[in-house]
Amino acid sequence: MKRQKISIKLIALTLVLSLAVCLAPASIASGDAVVPEEDAIAENVTKGVFYDTLEDALANAGEDENVVLLHSYELQDSIVIGDFVQLTIPTAENGTEDTILGNNTGDKSVNLNGKAAVTLTVPEGKSITVSGGTLLVAGNQQSNQPKTGFLYGDYGAIELNGTMKLENYAYLYARGNITGSGSISVDSTSHVYERFEISDWRGGSASTKAAARLIFPFSLYELASIAVEATYDIGATLYGIAFIYASDSPIDIYIHYFASDGLIRPVENTGSVTLDPTVGEDGKIANTNVIVSANVMTGDLKFDEAVSGQHYPLDSSLMVCPFGYKVDVDIREGGKVTVDTRLKVMPGCDINVNNGGNLTISHRGSLLFYMGANYLPTFNFAGWSTTENATLTNSGTVTVEAGGFLQRDGMLGTTSTTFTDNIVGTQYSNNNTFDIHEYLTSGDTQTVTFYTYTA
């Protein structure tokens with residue numbers, strides 16, 4: 001009789017324990033390292049579960065779940081952002097409301113000198129692998145004149161002293177800032193979105209007037225949020241995230257920078273393009289060296305956004321497109337750049353053709369080099385000028401096809417002795433000139449004459 005009572009008690013205890021397990025939250029039952037909210041470093045906002053390390057939060061995240069880093073944190077181990085998982089570095093501590101589009105604004109009074117609210121530090125020897133997932137470094141953009149698309153308010157940040165790898169159709173939205181001594185590699189299936197800032201935005205109506213005169217309405221544009229070396233395999237895409245306010249409407253724009261229909265377009269399926277930035281004393285990108293180790297060609301800079309049923313198109317295909325503001329180009333051995341569009345090379349830009357590199361101006365292309373003294377502050381809405389010339393330094397092969405133009409806006413030989421070295425192709429007379437028009441801040445236009453290169 002006593003043994004029967006013990007058996008009944010054991011059965012009852014087993015039932016109670018089984019019921020407890022069944023009623024336990026799924027997160028606990030699956031082994032998640034759940035902690036109170038006040039002790040948490042990261043939150044899986046999809047499940048409403050808190051973790052004391054980012055590593056645990058990502059290890060327990062499933063498809064279509066969003067993990068948010070709540071406070072600044074240094075990785076203890078390398079992390080993987082898996083298929084359809086999103087990691088967000090927010091614009092505020094404990095913030096969970098950031099989106100890929102951002103909270104952009106046309107308010108002219110916003111603060112352009114914000115700080116990193118939450119920073120993920122990746123030490124040397126540690127890595128972030130985004131494998132089929134999404135990494136959102138959050139930030140918000142403003143629209144004003146002459147600056148538009150600039151970061152305003154506090155933002156999310158990554159201090160990358162280790163490495164980051166994007167693979168298997170991964171996405172990186174760099175709306176905030178990525179800095180450090182590390183590097184990023186992007187495979188042929190993955191996509192990067194980087195903040196696109198315009199320093200000489202004239203406003204919607206003035207830009208429309210410039211475009212109507214077949215003059216590209218801004219020249220001082222740059223990719224501004226990834227301040228570490230980033231290498232893009234051919235097939236990867238890099239988009240500029242721009243934001244403007246036109247026709248009393250906010251417009252989010254994705255500018256195709258490195259893509260099959262972008263400003264830089266792959267011709268063959270091998271090789272890579274690397275963006276290697278130099279950071280100034282203010283912590284911002286001072287200049288970016290575009291290293292070409294592939295076969296690429298230039299395309300048009302364009303976007304077409306609908307606002308209240310009306311289109312706001314901008315396309316450089318019928319214009320001379322500006323290129324090279326805070327940018328240099330380094331064509332490495334085996335690399336080839338074909339200029340298949342009309343480009344004016346901004347003052348201060350150096351195009352360097354290394355031994356074994358190749359620069360070709362096609363029959364449809366023009367490459368117009370500006371001397372610093374001849375690019376006037378009245379040509380842009382920011383009043384920007386420089387004494388530095390645009391230069392071509394050639395140790396490889398530069399070819400001008402019949403119908404193509406390689407020109408500069410001053411008599412040859414007065415800026416760079418290397419400009420006239422080893423250039424082959426169509427011969428032109430020194431008297432042959434090519435005129436372009438610049439849109440002045442007054443609304444008038446001015447003609448600038450470029451003189452054709454003669455070998």
# chains A, B, ... in the order shown; residues from 1 in each chain; ligands from 1
$ residues_around --residues "A:Ala157" --least-positions-apart "6" --cutoff "8 Å" --atoms "only C-alpha atoms" --output "VMD selection string"
chain A and resid 89 116 to 120 137 to 138 176 to 179
$ residues_around --residues "A:Tyr375" --least-positions-apart "4" --cutoff "8 Å" --atoms "only C-alpha atoms" --output "list in words"
Pro347, Tyr370, Met371, Phe379, Ser385 and Thr386 of chain A
$ atom_distance --atom1 "atom CA of A:Met297" --atom2 "atom CA of A:Lys147"
29.2 Å
$ atom_distance --atom1 "atom CA of A:Leu87" --atom2 "atom CA of A:Leu69"
7.6 Å
$ atom_distance --atom1 "atom CA of A:Tyr254" --atom2 "atom CA of A:Ala224"
14.3 Å
$ select_by_dssp --residues "stretch 29-137 of chain A" --states "strand (DSSP E)" --output "VMD selection string"
chain A and resid 42 to 44 49 to 51 65 to 69 73 to 74 79 to 81 85 to 89 116 to 122 127 to 131 134 to 137
$ residues_around --residues "A:Gly334" --least-positions-apart "6" --cutoff "7 Å" --atoms "only C-alpha atoms" --output "count of residues only"
4
$ closest_residue --among "A:Leu112, A:Leu376, A:Ala170, A:Ala212" --to "A:Ser143" --atoms "only C-alpha atoms"
A:Leu112
$ closest_residue --among "A:Pro322, A:Pro250, A:Gly204, A:Gly102" --to "A:Leu367" --atoms "only C-alpha atoms"
A:Pro322
$ residues_around --residues "A:Ser109" --least-positions-apart "5" --cutoff "12 Å" --atoms "only C-alpha atoms" --output "PyMOL selection string"
chain A and resi 142-145+152-153
$ closest_residue --among "A:Ala59, A:Leu101, A:Ile436, A:Val228" --to "A:Ile251" --atoms "only C-alpha atoms"
A:Leu101
$ residues_around --residues "stretch 258-267 of chain A" --least-positions-apart "2" --cutoff "9 Å" --atoms "only C-alpha atoms" --output "PDB file with all heavy atoms, in the first residue's frame"
ATOM      1  N   TYR A 232      34.316  45.035 -53.561  1.00  0.00           N
ATOM      2  CA  TYR A 232      33.103  44.510 -54.181  1.00  0.00           C
ATOM      3  C   TYR A 232      33.481  43.583 -55.325  1.00  0.00           C
ATOM      4  O   TYR A 232      34.075  44.020 -56.312  1.00  0.00           O
ATOM      5  CB  TYR A 232      32.241  45.659 -54.706  1.00  0.00           C
ATOM      6  CG  TYR A 232      31.792  46.614 -53.623  1.00  0.00           C
ATOM      7  CD1 TYR A 232      32.623  47.649 -53.197  1.00  0.00           C
ATOM      8  CD2 TYR A 232      30.547  46.476 -53.030  1.00  0.00           C
ATOM      9  CE1 TYR A 232      32.230  48.518 -52.193  1.00  0.00           C
ATOM     10  CE2 TYR A 232      30.140  47.344 -52.025  1.00  0.00           C
ATOM     11  CZ  TYR A 232      30.981  48.355 -51.615  1.00  0.00           C
ATOM     12  OH  TYR A 232      30.593  49.218 -50.608  1.00  0.00           O
ATOM     13  N   ILE A 234      32.794  41.505 -58.664  1.00  0.00           N
ATOM     14  CA  ILE A 234      31.916  41.773 -59.795  1.00  0.00           C
ATOM     15  C   ILE A 234      30.611  40.986 -59.599  1.00  0.00           C
ATOM     16  O   ILE A 234      30.623  39.795 -59.311  1.00  0.00           O
ATOM     17  CB  ILE A 234      32.584  41.369 -61.117  1.00  0.00           C
ATOM     18  CG1 ILE A 234      33.786  42.279 -61.381  1.00  0.00           C
ATOM     19  CG2 ILE A 234      31.591  41.448 -62.263  1.00  0.00           C
ATOM     20  CD1 ILE A 234      33.459  43.741 -61.538  1.00  0.00           C
ATOM     21  N   GLY A 235      29.506  41.683 -59.738  1.00  0.00           N
ATOM     22  CA  GLY A 235      28.184  41.108 -59.463  1.00  0.00           C
ATOM     23  C   GLY A 235      27.553  41.712 -58.234  1.00  0.00           C
ATOM     24  O   GLY A 235      26.323  41.767 -58.115  1.00  0.00           O
ATOM     25  N   ALA A 236      28.380  42.173 -57.289  1.00  0.00           N
ATOM     26  CA  ALA A 236      27.861  42.887 -56.124  1.00  0.00           C
ATOM     27  C   ALA A 236      27.314  44.241 -56.568  1.00  0.00           C
ATOM     28  O   ALA A 236      27.695  44.770 -57.619  1.00  0.00           O
ATOM     29  CB  ALA A 236      28.964  43.078 -55.090  1.00  0.00           C
ATOM     30  N   THR A 237      26.438  44.815 -55.773  1.00  0.00           N
ATOM     31  CA  THR A 237      25.878  46.126 -56.107  1.00  0.00           C
ATOM     32  C   THR A 237      26.093  47.095 -54.957  1.00  0.00           C
ATOM     33  O   THR A 237      26.015  46.728 -53.783  1.00  0.00           O
ATOM     34  CB  THR A 237      24.380  46.043 -56.431  1.00  0.00           C
ATOM     35  OG1 THR A 237      23.691  45.384 -55.355  1.00  0.00           O
ATOM     36  CG2 THR A 237      24.139  45.292 -57.716  1.00  0.00           C
ATOM     37  N   LEU A 238      26.360  48.344 -55.320  1.00  0.00           N
ATOM     38  CA  LEU A 238      26.520  49.439 -54.363  1.00  0.00           C
ATOM     39  C   LEU A 238      25.581  50.558 -54.782  1.00  0.00           C
ATOM     40  O   LEU A 238      25.694  51.085 -55.899  1.00  0.00           O
ATOM     41  CB  LEU A 238      27.968  49.929 -54.347  1.00  0.00           C
ATOM     42  CG  LEU A 238      28.260  51.201 -53.543  1.00  0.00           C
ATOM     43  CD1 LEU A 238      27.911  51.019 -52.069  1.00  0.00           C
ATOM     44  CD2 LEU A 238      29.719  51.607 -53.704  1.00  0.00           C
ATOM     45  N   TYR A 239      24.663  50.911 -53.881  1.00  0.00           N
ATOM     46  CA  TYR A 239      23.696  51.965 -54.147  1.00  0.00           C
ATOM     47  C   TYR A 239      23.927  53.133 -53.195  1.00  0.00           C
ATOM     48  O   TYR A 239      24.258  52.939 -52.025  1.00  0.00           O
ATOM     49  CB  TYR A 239      22.261  51.468 -53.965  1.00  0.00           C
ATOM     50  CG  TYR A 239      21.878  50.302 -54.846  1.00  0.00           C
ATOM     51  CD1 TYR A 239      21.753  49.030 -54.314  1.00  0.00           C
ATOM     52  CD2 TYR A 239      21.635  50.486 -56.203  1.00  0.00           C
ATOM     53  CE1 TYR A 239      21.395  47.954 -55.120  1.00  0.00           C
ATOM     54  CE2 TYR A 239      21.276  49.421 -57.008  1.00  0.00           C
ATOM     55  CZ  TYR A 239      21.152  48.163 -56.464  1.00  0.00           C
ATOM     56  OH  TYR A 239      20.807  47.100 -57.264  1.00  0.00           O
ATOM     57  N   ILE A 255      20.515  55.660 -55.766  1.00  0.00           N
ATOM     58  CA  ILE A 255      21.332  55.959 -56.925  1.00  0.00           C
ATOM     59  C   ILE A 255      22.249  54.771 -57.197  1.00  0.00           C
ATOM     60  O   ILE A 255      22.989  54.333 -56.314  1.00  0.00           O
ATOM     61  CB  ILE A 255      22.139  57.244 -56.698  1.00  0.00           C
ATOM     62  CG1 ILE A 255      21.157  58.395 -56.513  1.00  0.00           C
ATOM     63  CG2 ILE A 255      23.137  57.477 -57.821  1.00  0.00           C
ATOM     64  CD1 ILE A 255      21.686  59.757 -56.629  1.00  0.00           C
ATOM     65  N   HIS A 256      22.202  54.260 -58.390  1.00  0.00           N
ATOM     66  CA  HIS A 256      22.995  53.086 -58.762  1.00  0.00           C
ATOM     67  C   HIS A 256      24.429  53.538 -59.029  1.00  0.00           C
ATOM     68  O   HIS A 256      24.719  54.168 -60.044  1.00  0.00           O
ATOM     69  CB  HIS A 256      22.395  52.415 -59.987  1.00  0.00           C
ATOM     70  CG  HIS A 256      21.034  51.846 -59.741  1.00  0.00           C
ATOM     71  ND1 HIS A 256      20.444  50.917 -60.561  1.00  0.00           N
ATOM     72  CD2 HIS A 256      20.136  52.065 -58.744  1.00  0.00           C
ATOM     73  CE1 HIS A 256      19.262  50.593 -60.086  1.00  0.00           C
ATOM     74  NE2 HIS A 256      19.044  51.285 -58.988  1.00  0.00           N
ATOM     75  N   ASN A 269      32.787  39.145 -65.821  1.00  0.00           N
ATOM     76  CA  ASN A 269      32.306  38.597 -64.551  1.00  0.00           C
ATOM     77  C   ASN A 269      33.416  38.256 -63.560  1.00  0.00           C
ATOM     78  O   ASN A 269      33.191  37.507 -62.612  1.00  0.00           O
ATOM     79  CB  ASN A 269      31.457  37.359 -64.802  1.00  0.00           C
ATOM     80  CG  ASN A 269      30.172  37.688 -65.519  1.00  0.00           C
ATOM     81  OD1 ASN A 269      29.581  38.746 -65.295  1.00  0.00           O
ATOM     82  ND2 ASN A 269      29.733  36.794 -66.393  1.00  0.00           N
ATOM     83  N   THR A 270      34.616  38.777 -63.772  1.00  0.00           N
ATOM     84  CA  THR A 270      35.713  38.498 -62.855  1.00  0.00           C
ATOM     85  C   THR A 270      36.323  39.804 -62.365  1.00  0.00           C
ATOM     86  O   THR A 270      36.171  40.852 -62.983  1.00  0.00           O
ATOM     87  CB  THR A 270      36.807  37.666 -63.546  1.00  0.00           C
ATOM     88  OG1 THR A 270      37.294  38.383 -64.698  1.00  0.00           O
ATOM     89  CG2 THR A 270      36.269  36.317 -63.988  1.00  0.00           C
ATOM     90  N   VAL A 273      36.198  45.721 -57.530  1.00  0.00           N
ATOM     91  CA  VAL A 273      36.405  47.158 -57.375  1.00  0.00           C
ATOM     92  C   VAL A 273      36.450  47.447 -55.882  1.00  0.00           C
ATOM     93  O   VAL A 273      35.581  46.997 -55.127  1.00  0.00           O
ATOM     94  CB  VAL A 273      35.277  47.972 -58.045  1.00  0.00           C
ATOM     95  CG1 VAL A 273      35.420  49.456 -57.730  1.00  0.00           C
ATOM     96  CG2 VAL A 273      35.280  47.749 -59.552  1.00  0.00           C
ATOM     97  N   ALA A 294      39.333  45.125 -62.433  1.00  0.00           N
ATOM     98  CA  ALA A 294      38.345  44.417 -63.239  1.00  0.00           C
ATOM     99  C   ALA A 294      38.147  45.186 -64.534  1.00  0.00           C
ATOM    100  O   ALA A 294      38.726  46.253 -64.733  1.00  0.00           O
ATOM    101  CB  ALA A 294      37.024  44.309 -62.471  1.00  0.00           C
ATOM    102  N   ASN A 295      37.308  44.651 -65.390  1.00  0.00           N
ATOM    103  CA  ASN A 295      36.941  45.316 -66.643  1.00  0.00           C
ATOM    104  C   ASN A 295      35.590  45.984 -66.440  1.00  0.00           C
ATOM    105  O   ASN A 295      34.571  45.303 -66.306  1.00  0.00           O
ATOM    106  CB  ASN A 295      36.883  44.287 -67.781  1.00  0.00           C
ATOM    107  CG  ASN A 295      36.676  44.927 -69.147  1.00  0.00           C
ATOM    108  OD1 ASN A 295      36.404  46.120 -69.254  1.00  0.00           O
ATOM    109  ND2 ASN A 295      36.806  44.130 -70.189  1.00  0.00           N
ATOM    110  N   VAL A 296      35.585  47.323 -66.409  1.00  0.00           N
ATOM    111  CA  VAL A 296      34.356  48.061 -66.147  1.00  0.00           C
ATOM    112  C   VAL A 296      34.225  49.194 -67.169  1.00  0.00           C
ATOM    113  O   VAL A 296      35.181  49.564 -67.848  1.00  0.00           O
ATOM    114  CB  VAL A 296      34.327  48.647 -64.721  1.00  0.00           C
ATOM    115  CG1 VAL A 296      34.428  47.539 -63.679  1.00  0.00           C
ATOM    116  CG2 VAL A 296      35.435  49.677 -64.514  1.00  0.00           C
ATOM    117  N   MET A 297      33.015  49.762 -67.236  1.00  0.00           N
ATOM    118  CA  MET A 297      32.789  50.912 -68.103  1.00  0.00           C
ATOM    119  C   MET A 297      31.917  51.913 -67.354  1.00  0.00           C
ATOM    120  O   MET A 297      31.225  51.566 -66.392  1.00  0.00           O
ATOM    121  CB  MET A 297      32.143  50.497 -69.431  1.00  0.00           C
ATOM    122  CG  MET A 297      30.701  50.094 -69.312  1.00  0.00           C
ATOM    123  SD  MET A 297      29.950  49.482 -70.865  1.00  0.00           S
ATOM    124  CE  MET A 297      30.936  50.223 -72.114  1.00  0.00           C
ATOM    125  N   THR A 298      31.969  53.163 -67.796  1.00  0.00           N
ATOM    126  CA  THR A 298      31.159  54.191 -67.160  1.00  0.00           C
ATOM    127  C   THR A 298      29.741  54.147 -67.713  1.00  0.00           C
ATOM    128  O   THR A 298      29.511  53.815 -68.878  1.00  0.00           O
ATOM    129  CB  THR A 298      31.750  55.590 -67.379  1.00  0.00           C
ATOM    130  OG1 THR A 298      31.714  55.912 -68.772  1.00  0.00           O
ATOM    131  CG2 THR A 298      33.175  55.657 -66.880  1.00  0.00           C
ATOM    132  N   GLY A 299      28.791  54.487 -66.850  1.00  0.00           N
ATOM    133  CA  GLY A 299      27.390  54.592 -67.243  1.00  0.00           C
ATOM    134  C   GLY A 299      26.841  55.941 -66.842  1.00  0.00           C
ATOM    135  O   GLY A 299      27.586  56.867 -66.505  1.00  0.00           O
ATOM    136  N   ASP A 300      25.539  56.058 -66.848  1.00  0.00           N
ATOM    137  CA  ASP A 300      24.881  57.325 -66.536  1.00  0.00           C
ATOM    138  C   ASP A 300      24.476  57.378 -65.072  1.00  0.00           C
ATOM    139  O   ASP A 300      24.165  56.366 -64.443  1.00  0.00           O
ATOM    140  CB  ASP A 300      23.644  57.499 -67.417  1.00  0.00           C
ATOM    141  CG  ASP A 300      23.992  57.482 -68.896  1.00  0.00           C
ATOM    142  OD1 ASP A 300      24.959  58.164 -69.259  1.00  0.00           O
ATOM    143  OD2 ASP A 300      23.302  56.780 -69.666  1.00  0.00           O
ATOM    144  N   LEU A 301      24.498  58.575 -64.534  1.00  0.00           N
ATOM    145  CA  LEU A 301      24.017  58.824 -63.176  1.00  0.00           C
ATOM    146  C   LEU A 301      22.571  59.271 -63.293  1.00  0.00           C
ATOM    147  O   LEU A 301      22.285  60.318 -63.898  1.00  0.00           O
ATOM    148  CB  LEU A 301      24.865  59.909 -62.514  1.00  0.00           C
ATOM    149  CG  LEU A 301      24.623  60.190 -61.037  1.00  0.00           C
ATOM    150  CD1 LEU A 301      24.941  58.970 -60.185  1.00  0.00           C
ATOM    151  CD2 LEU A 301      25.450  61.377 -60.578  1.00  0.00           C
ATOM    152  N   LYS A 302      21.657  58.481 -62.730  1.00  0.00           N
ATOM    153  CA  LYS A 302      20.254  58.812 -62.961  1.00  0.00           C
ATOM    154  C   LYS A 302      19.359  58.269 -61.858  1.00  0.00           C
ATOM    155  O   LYS A 302      19.713  57.356 -61.127  1.00  0.00           O
ATOM    156  CB  LYS A 302      19.789  58.257 -64.301  1.00  0.00           C
ATOM    157  CG  LYS A 302      19.912  56.746 -64.445  1.00  0.00           C
ATOM    158  CD  LYS A 302      19.557  56.293 -65.858  1.00  0.00           C
ATOM    159  CE  LYS A 302      19.739  54.805 -66.042  1.00  0.00           C
ATOM    160  NZ  LYS A 302      19.415  54.370 -67.416  1.00  0.00           N
TER     161      LYS A 302
END
$ residues_around --residues "A:Thr378" --least-positions-apart "3" --cutoff "9 Å" --atoms "only C-alpha atoms" --output "VMD selection string"
chain A and resid 375 381 to 385 438 to 442
$ write_last_selection --atoms "C-alpha atoms" --output "JSON list (two decimals), in the first residue's frame"
[["chain", "number", "residue", "atom", "x", "y", "z"],
["A", 375, "TYR", "CA", 36.37, 75.72, -62.00],
["A", 381, "PHE", "CA", 25.53, 76.17, -55.15],
["A", 382, "ALA", "CA", 28.00, 75.56, -52.31],
["A", 383, "GLY", "CA", 30.53, 78.14, -53.52],
["A", 384, "TRP", "CA", 33.21, 75.42, -53.53],
["A", 385, "SER", "CA", 36.55, 75.89, -55.30],
["A", 438, "GLU", "CA", 27.99, 75.42, -66.44],
["A", 439, "TYR", "CA", 24.87, 76.58, -64.59],
["A", 440, "LEU", "CA", 25.67, 79.64, -62.46],
["A", 441, "THR", "CA", 24.18, 80.39, -59.07],
["A", 442, "SER", "CA", 22.55, 83.44, -60.66]]
$ residues_around --residues "A:Gly396" --least-positions-apart "5" --cutoff "8 Å" --atoms "only C-alpha atoms" --output "CSV table (one decimal) with all heavy atoms, in the first residue's frame"
chain,number,residue,atom,x,y,z
A,353,VAL,N,46.7,55.5,-64.1
A,353,VAL,CA,46.7,54.2,-64.9
A,353,VAL,C,48.1,53.5,-64.6
A,353,VAL,O,49.1,54.0,-65.0
A,353,VAL,CB,46.5,54.5,-66.4
A,353,VAL,CG1,46.4,53.1,-67.1
A,353,VAL,CG2,45.3,55.3,-66.6
A,354,ASN,N,48.0,52.5,-63.8
A,354,ASN,CA,49.3,51.7,-63.5
A,354,ASN,C,49.8,50.9,-64.6
A,354,ASN,O,49.1,50.7,-65.6
A,354,ASN,CB,49.0,50.8,-62.3
A,354,ASN,CG,48.8,51.6,-61.0
A,354,ASN,OD1,49.7,51.9,-60.3
A,354,ASN,ND2,47.5,51.9,-60.7
A,355,ASN,N,51.0,50.5,-64.5
A,355,ASN,CA,51.6,49.6,-65.5
A,355,ASN,C,50.7,48.3,-65.6
A,355,ASN,O,50.5,47.6,-64.6
A,355,ASN,CB,53.0,49.2,-65.0
A,355,ASN,CG,53.7,48.3,-66.1
A,355,ASN,OD1,53.4,48.4,-67.2
A,355,ASN,ND2,54.7,47.5,-65.6
A,356,GLY,N,50.3,48.0,-66.8
A,356,GLY,CA,49.4,46.9,-67.0
A,356,GLY,C,48.0,47.3,-66.9
A,356,GLY,O,47.1,46.4,-67.2
A,357,GLY,N,47.7,48.5,-66.6
A,357,GLY,CA,46.3,49.0,-66.6
A,357,GLY,C,45.9,49.6,-67.9
A,357,GLY,O,46.8,50.0,-68.7
A,358,ASN,N,44.6,49.8,-68.1
A,358,ASN,CA,44.1,50.3,-69.4
A,358,ASN,C,43.0,51.3,-69.2
A,358,ASN,O,42.0,51.0,-68.5
A,358,ASN,CB,43.7,49.1,-70.3
A,358,ASN,CG,43.4,49.5,-71.7
A,358,ASN,OD1,42.4,50.3,-72.0
A,358,ASN,ND2,44.1,49.0,-72.7
A,422,ASN,N,52.5,58.5,-73.3
A,422,ASN,CA,52.0,57.1,-73.7
A,422,ASN,C,50.5,57.1,-73.9
A,422,ASN,O,49.8,56.2,-73.5
A,422,ASN,CB,52.4,56.1,-72.5
A,422,ASN,CG,52.2,54.7,-73.0
A,422,ASN,OD1,52.4,54.4,-74.2
A,422,ASN,ND2,51.9,53.8,-72.1
$ select_by_dssp --residues "stretch 144-250 of chain A" --states "helix (DSSP H, G or I)" --output "short mmCIF file (atom, residue, chain, number, x, y, z; two decimals) with C-alpha atoms, in the first residue's frame"
data_model
loop_
_atom_site.label_atom_id
_atom_site.label_comp_id
_atom_site.auth_asym_id
_atom_site.auth_seq_id
_atom_site.Cartn_x
_atom_site.Cartn_y
_atom_site.Cartn_z
CA GLY A 204 13.97 71.14 -56.84
CA SER A 205 12.91 73.96 -59.16
CA ALA A 206 16.46 75.26 -59.78
CA SER A 207 17.68 71.73 -60.46
CA THR A 208 14.84 71.22 -62.91
CA LYS A 209 15.86 74.41 -64.74
CA ALA A 210 19.48 73.23 -64.92
CA ALA A 211 18.42 69.83 -66.26
CA ALA A 212 16.16 71.50 -68.83
#
$ closest_residue --among "A:Ala242, A:Asn374, A:Ala42, A:Arg213" --to "A:His437" --atoms "only C-alpha atoms"
A:Arg213
$ closest_residue --among "A:Leu368, A:Ala390, A:Val327, A:Cys349" --to "A:Phe434" --atoms "only C-alpha atoms"
A:Leu368
